[in-house]
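start_21.txt follows; it contains compact mmCIF, C-alpha atoms.
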# COMPACT_ATOMS: atom_id res chain seq x y z
CA MET A 2 124.15 86.15 90.99
CA LEU A 3 120.93 86.67 89.04
CA THR A 4 119.08 84.57 91.58
CA GLN A 5 120.32 86.97 94.25
CA ILE A 6 119.57 90.26 92.54
CA THR A 7 116.03 89.24 91.59
CA SER A 8 115.10 88.25 95.16
CA LEU A 9 113.07 90.79 97.09
CA THR A 10 115.73 91.90 99.57
CA LYS A 11 118.82 89.81 98.66
CA ASN A 12 118.56 88.56 102.23
CA GLY A 13 116.83 85.25 102.83
CA LEU A 14 115.95 86.02 106.43
CA ARG A 15 114.46 89.37 105.55
CA ASP A 16 112.47 87.80 102.69
CA TRP A 17 111.25 85.24 105.19
CA LEU A 18 110.13 87.91 107.65
CA ILE A 19 108.38 89.99 104.97
CA GLN A 20 106.63 86.84 103.75
CA ARG A 21 105.22 86.22 107.25
CA VAL A 22 104.24 89.80 108.11
CA SER A 23 102.52 90.28 104.74
CA ALA A 24 100.73 86.93 105.18
CA ILE A 25 99.23 88.08 108.48
CA ILE A 26 98.10 91.42 106.99
CA LEU A 27 96.48 89.56 104.09
CA VAL A 28 94.63 87.17 106.39
CA LEU A 29 93.31 90.12 108.44
CA TYR A 30 92.19 91.94 105.29
CA LEU A 31 90.45 88.86 103.89
CA ALA A 32 88.74 88.15 107.20
CA PHE A 33 87.50 91.75 107.31
CA ILE A 34 86.15 91.68 103.73
CA LEU A 35 84.51 88.31 104.31
CA GLY A 36 82.95 89.52 107.57
CA PHE A 37 81.66 92.65 105.84
CA ILE A 38 80.08 90.69 102.99
CA ILE A 39 78.46 88.20 105.36
CA GLY A 40 77.33 91.00 107.71
CA HIS A 41 75.66 92.89 104.85
CA HIS A 42 74.23 89.90 103.01
CA PRO A 43 72.94 90.32 100.33
CA ILE A 44 75.45 93.07 99.66
CA GLY A 45 74.28 96.09 97.64
CA PHE A 46 76.14 98.78 95.73
CA GLN A 47 75.57 101.45 98.43
CA GLU A 48 77.34 99.56 101.24
CA TRP A 49 80.05 98.26 98.93
CA TYR A 50 80.78 101.72 97.54
CA ALA A 51 80.65 103.36 100.98
CA LEU A 52 83.11 100.78 102.30
CA PHE A 53 85.75 101.50 99.66
CA HIS A 54 85.05 105.23 99.82
CA HIS A 55 86.15 105.31 103.46
CA THR A 56 89.71 106.62 103.90
CA GLY A 57 90.59 103.95 106.46
CA MET A 58 89.49 101.25 104.04
CA LYS A 59 91.50 102.83 101.23
CA ALA A 60 94.59 102.78 103.44
CA PHE A 61 93.90 99.18 104.51
CA THR A 62 93.39 98.16 100.87
CA ILE A 63 96.66 99.78 99.80
CA LEU A 64 98.44 98.11 102.73
CA ALA A 65 96.93 94.74 101.77
CA LEU A 66 97.85 95.24 98.13
CA LEU A 67 101.40 96.20 99.02
CA SER A 68 101.55 93.07 101.20
CA LEU A 69 100.20 91.00 98.32
CA MET A 70 102.92 92.32 96.00
CA LEU A 71 105.76 91.63 98.47
CA HIS A 72 104.28 88.27 99.46
CA SER A 73 103.92 87.07 95.89
CA TRP A 74 107.33 88.45 94.93
CA VAL A 75 108.95 86.16 97.52
CA GLY A 76 106.61 83.28 96.62
CA VAL A 77 106.86 83.45 92.84
CA TRP A 78 110.63 84.02 93.10
CA THR A 79 110.97 80.86 95.21
CA VAL A 80 108.93 78.83 92.74
CA LEU A 81 110.71 80.20 89.65
CA THR A 82 114.22 79.75 91.05
CA ASP A 83 113.29 76.17 92.00
CA TYR A 84 111.70 75.05 88.75
CA VAL A 85 113.16 77.23 85.97
CA PRO A 86 116.81 76.20 85.62
CA ASN A 87 117.39 78.45 82.59
CA LYS A 88 118.69 81.65 84.19
CA ALA A 89 117.75 83.92 81.27
CA LEU A 90 114.16 82.69 81.21
CA GLN A 91 114.02 82.85 85.00
CA GLY A 92 115.19 86.46 84.97
CA ILE A 93 112.75 87.45 82.23
CA LEU A 94 109.81 85.89 84.10
CA ILE A 95 110.73 87.63 87.35
CA ILE A 96 111.07 90.99 85.58
CA LEU A 97 107.67 90.46 83.90
CA MET A 98 106.22 89.70 87.32
CA ILE A 99 107.62 92.95 88.75
CA LEU A 100 106.25 94.94 85.80
CA ALA A 101 102.86 93.30 86.37
CA PHE A 102 102.98 94.38 90.03
CA VAL A 103 103.64 97.99 89.11
CA THR A 104 100.72 97.90 86.67
CA TYR A 105 98.37 96.33 89.24
CA PHE A 106 99.39 98.88 91.83
CA VAL A 107 98.70 101.87 89.59
CA TRP A 108 95.43 100.24 88.51
CA ALA A 109 94.39 99.73 92.15
CA ILE A 110 95.13 103.37 92.98
CA ALA A 111 93.02 104.41 89.99
CA ILE A 112 90.18 102.14 91.18
CA LEU A 113 90.25 103.54 94.72
CA TRP A 114 90.59 107.22 93.82
CA SER A 115 88.21 107.59 90.87
CA MET B 23 132.32 55.80 88.54
CA LEU B 24 131.44 58.18 91.33
CA LYS B 25 128.24 57.26 93.08
CA GLY B 26 127.40 60.24 95.23
CA PRO B 27 124.15 62.10 95.74
CA ARG B 28 122.80 63.82 92.65
CA ASN B 29 119.87 66.03 91.79
CA THR B 30 116.50 64.39 91.29
CA ARG B 31 115.60 64.39 87.62
CA ILE B 32 112.02 65.27 86.65
CA ILE B 33 111.85 61.99 84.72
CA ASP B 34 112.47 60.04 87.94
CA LEU B 35 109.69 61.73 89.89
CA PRO B 36 107.02 59.01 89.38
CA LYS B 37 109.39 56.59 91.12
CA TYR B 38 109.12 58.55 94.36
CA ARG B 39 106.15 58.39 96.71
CA LEU B 40 105.31 61.90 97.84
CA PRO B 41 104.33 61.87 101.52
CA ILE B 42 101.28 63.82 102.72
CA THR B 43 103.54 66.62 103.98
CA GLY B 44 104.96 66.91 100.45
CA ILE B 45 101.52 66.91 98.83
CA VAL B 46 100.34 69.68 101.18
CA SER B 47 103.52 71.63 100.38
CA ILE B 48 103.32 71.35 96.58
CA LEU B 49 99.62 72.29 96.66
CA HIS B 50 100.55 75.35 98.73
CA ARG B 51 102.88 76.38 95.91
CA ILE B 52 100.40 75.57 93.14
CA SER B 53 97.58 77.48 94.89
CA GLY B 54 99.93 80.42 95.43
CA VAL B 55 100.89 80.60 91.75
CA LEU B 56 97.20 80.32 90.79
CA LEU B 57 96.30 83.20 93.11
CA PHE B 58 99.10 85.30 91.64
CA LEU B 59 97.76 84.62 88.12
CA PHE B 60 94.23 85.57 89.17
CA ILE B 61 95.18 89.02 90.59
CA PRO B 62 94.11 90.91 87.42
CA PHE B 63 90.78 89.05 87.36
CA VAL B 64 90.02 90.09 90.95
CA LEU B 65 91.15 93.68 90.34
CA TRP B 66 88.94 93.80 87.25
CA LEU B 67 85.92 92.64 89.29
CA LEU B 68 86.67 95.20 92.02
CA HIS B 69 87.09 97.94 89.42
CA HIS B 70 83.71 97.30 87.79
CA SER B 71 81.89 96.70 91.06
CA LEU B 72 82.77 100.24 92.18
CA ILE B 73 81.93 102.19 89.00
CA SER B 74 78.14 102.52 89.42
CA GLN B 75 74.99 100.79 90.62
CA GLN B 76 74.39 99.33 87.12
CA GLU B 77 77.98 98.08 86.78
CA PHE B 78 77.75 96.56 90.26
CA LEU B 79 74.66 94.58 89.25
CA LEU B 80 76.34 93.55 85.97
CA VAL B 81 79.33 92.23 87.94
CA LYS B 82 76.95 90.34 90.24
CA ASP B 83 75.17 88.78 87.23
CA PHE B 84 78.50 88.05 85.57
CA MET B 85 79.80 86.33 88.70
CA GLY B 86 76.61 84.27 88.79
CA SER B 87 77.09 82.87 85.27
CA PHE B 88 78.25 79.27 85.13
CA THR B 89 81.70 79.70 83.54
CA ILE B 90 82.66 82.60 85.80
CA SER B 91 81.33 80.77 88.87
CA ILE B 92 83.82 78.02 88.12
CA PHE B 93 86.66 80.57 88.07
CA ILE B 94 85.40 82.15 91.31
CA TRP B 95 85.28 78.66 92.81
CA ILE B 96 88.90 78.05 91.78
CA VAL B 97 90.06 81.41 93.19
CA LEU B 98 88.24 81.05 96.52
CA SER B 99 89.34 77.41 96.87
CA ALA B 100 92.97 78.35 96.21
CA LEU B 101 92.61 81.24 98.66
CA TRP B 102 91.15 78.97 101.35
CA TYR B 103 93.75 76.25 100.87
CA HIS B 104 96.68 78.67 100.64
CA THR B 105 95.52 80.35 103.87
CA ILE B 106 95.21 77.19 105.97
CA ALA B 107 98.44 75.70 104.59
CA GLY B 108 100.02 79.09 105.33
CA ILE B 109 98.77 79.03 108.92
CA LYS B 110 100.36 75.59 109.29
CA HIS B 111 103.57 77.15 107.99
CA LEU B 112 103.42 79.90 110.61
CA LEU B 113 102.88 77.27 113.31
CA MET B 114 105.93 75.41 111.98
CA ASP B 115 107.91 78.65 112.27
CA MET B 116 106.99 78.50 115.95
CA ASP B 117 108.43 74.96 116.10
CA TYR B 118 105.11 73.09 116.12
CA PHE B 119 104.39 70.07 113.88
CA GLU B 120 107.99 69.62 112.82
CA GLY B 121 108.32 65.97 113.83
CA LYS B 122 107.73 63.20 111.31
CA ARG B 123 104.49 62.12 112.97
CA SER B 124 103.18 65.51 114.13
CA GLY B 125 103.99 66.93 110.69
CA ALA B 126 102.00 64.21 108.96
CA ILE B 127 99.07 64.74 111.33
CA ALA B 128 99.08 68.52 110.76
CA SER B 129 99.30 67.96 106.99
CA THR B 130 96.39 65.52 107.09
CA ILE B 131 94.31 68.11 108.98
CA VAL B 132 95.19 70.78 106.39
CA MET B 133 94.25 68.34 103.62
CA LEU B 134 90.89 67.46 105.20
CA LEU B 135 90.06 71.11 105.97
CA GLY B 136 91.12 71.96 102.43
CA ILE B 137 88.88 69.37 100.82
CA ALA B 138 85.96 70.30 103.09
CA GLY B 139 86.43 73.99 102.25
CA VAL B 140 86.64 73.41 98.51
CA ILE B 141 83.41 71.37 98.61
CA ALA B 142 81.64 73.91 100.84
CA ILE B 143 82.66 76.82 98.59
CA GLY B 144 81.52 74.84 95.54
CA VAL B 145 78.12 74.15 97.07
CA TRP B 146 77.76 77.79 98.16
CA ILE B 147 78.66 79.18 94.72
CA LEU B 148 77.14 76.69 92.34
CA CYS B 149 73.88 75.88 94.17

Have the structure of the file written as structure tokens, please.
Amino acid sequence: MLTQITSLTKNGLRDWLIQRVSAIILVLYLAFILGFIIGHHPIGFQEWYALFHHTGMKAFTILALLSLMLHSWVGVWTVLTDYVPNKALQGILIILMILAFVTYFVWAIAILWS
Amino acid sequence: MLKGPRNTRIIDLPKYRLPITGIVSILHRISGVLLFLFIPFVLWLLHHSLISQQEFLLVKDFMGSFTISIFIWIVLSALWYHTIAGIKHLLMDMDYFEGKRSGAIASTIVMLLGIAGVIAIGVWILC
């Protein structure tokens, strides 16, 4: 029961799909960042700041971050439910993970819009 | 005495030989957990790199210091490995490399690419 309610969507197939879609978004984001850094080598503050100041980049970053949260929710959940047999501890760790995500997300918004 | 299948106990693990496919799989999990744990570190770097010109240069210096370079090496290595092992996973979703032999070959390729990437990233960062 606990194992079910702490999973991302309570539906294995949907978790699976979200895991894949978010993975592809993350690869695209990483490839873009890597390409930008290599293309502007050695990277300076001006280009770096301008990049993250751009609205499109802010949207892409939020999308990537959202993907990262969903992706790691499914991943960490899979690992915890496999290796932590104690249900109480398992539940506590998953809840801590979710709280961490919320914190990271608010932090990221603050970084991008300040 | 009933002798049916039972769960593998942790204490018995050394008795099993983990095939290459299993090694690639467990490293995919370990690298994923590592990346999850390093999220705040990366966010912290991003935060400070965007505050001002001075902070940006401080972050650059900080990332160049030996101890932090090691952490950056670990993060980028985990990221590289997790990505290529993940791509293999996506290919397996499309029914490739699911045979015993093809799976082992694909896993060996991931392993070799992984090792090469970790070394290359290390040379790039530390030299």

* Once you count only C-alpha atoms, which residues of chain B turn out to be within 12 Å of chain A? Could you give them as a PyMOL selection string? -> chain B and resi 30-32+47-48+50-82+98+101-102+104-116

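Here atom CA of B:Thr130 and atom CA of B:Arg39 stand 15.9 Å from one another.
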
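Residue nearest B:Met133, chosen from B:Phe119, B:Gly44, B:Gly86, B:Leu148 and counting all atoms listed in the file: B:Gly44.
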
Atom pair atom CA of B:Tyr103 + atom CA of B:Leu40, distance 18.7 Å

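Here the question is which of A:Val75, A:Ile39, A:Ile26, A:Ile63 gets nearest to A:Gln5 using all atoms listed in the file, and that residue is A:Val75.
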
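Closest to B:Gly139 among B:Lys37, B:Ser99, B:Asp117, B:Gly125 is B:Ser99, based on all atoms listed in the file.
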
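The coordinates place atom CA of B:Ser129 at 26.8 Å from atom CA of A:Val85.
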
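Residues with any atom within 12 Å of B:Cys149, counting only C-alpha atoms and excluding same-chain neighbours fewer than 4 positions away, are Gly86, Ser87, Phe88, Ser91, Ile92, Trp95, Ile141, Ala142, Ile143, Gly144 and Val145 of chain B.
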
Shortest contact to A:Val107, candidates A:Leu66, A:Ile6, A:Leu71, A:Ala89, atoms counted all atoms listed in the file, goes to A:Leu66

Report, as lines of an AutoDock Vina configuration file, the centre and edge lengths in Å (one decimal) of the axis-aligned box enclosing every listed atom of stretch 9-21 of chain A, padded by 5 Å on each side.
center_x = 112.0
center_y = 88.6
center_z = 102.4
size_x = 23.6
size_y = 16.7
size_z = 20.6

Counting all atoms listed in the file, closest pick from A:Thr62, A:Tyr30, A:His41, A:Gly92 relative to A:Ile110 is A:Thr62
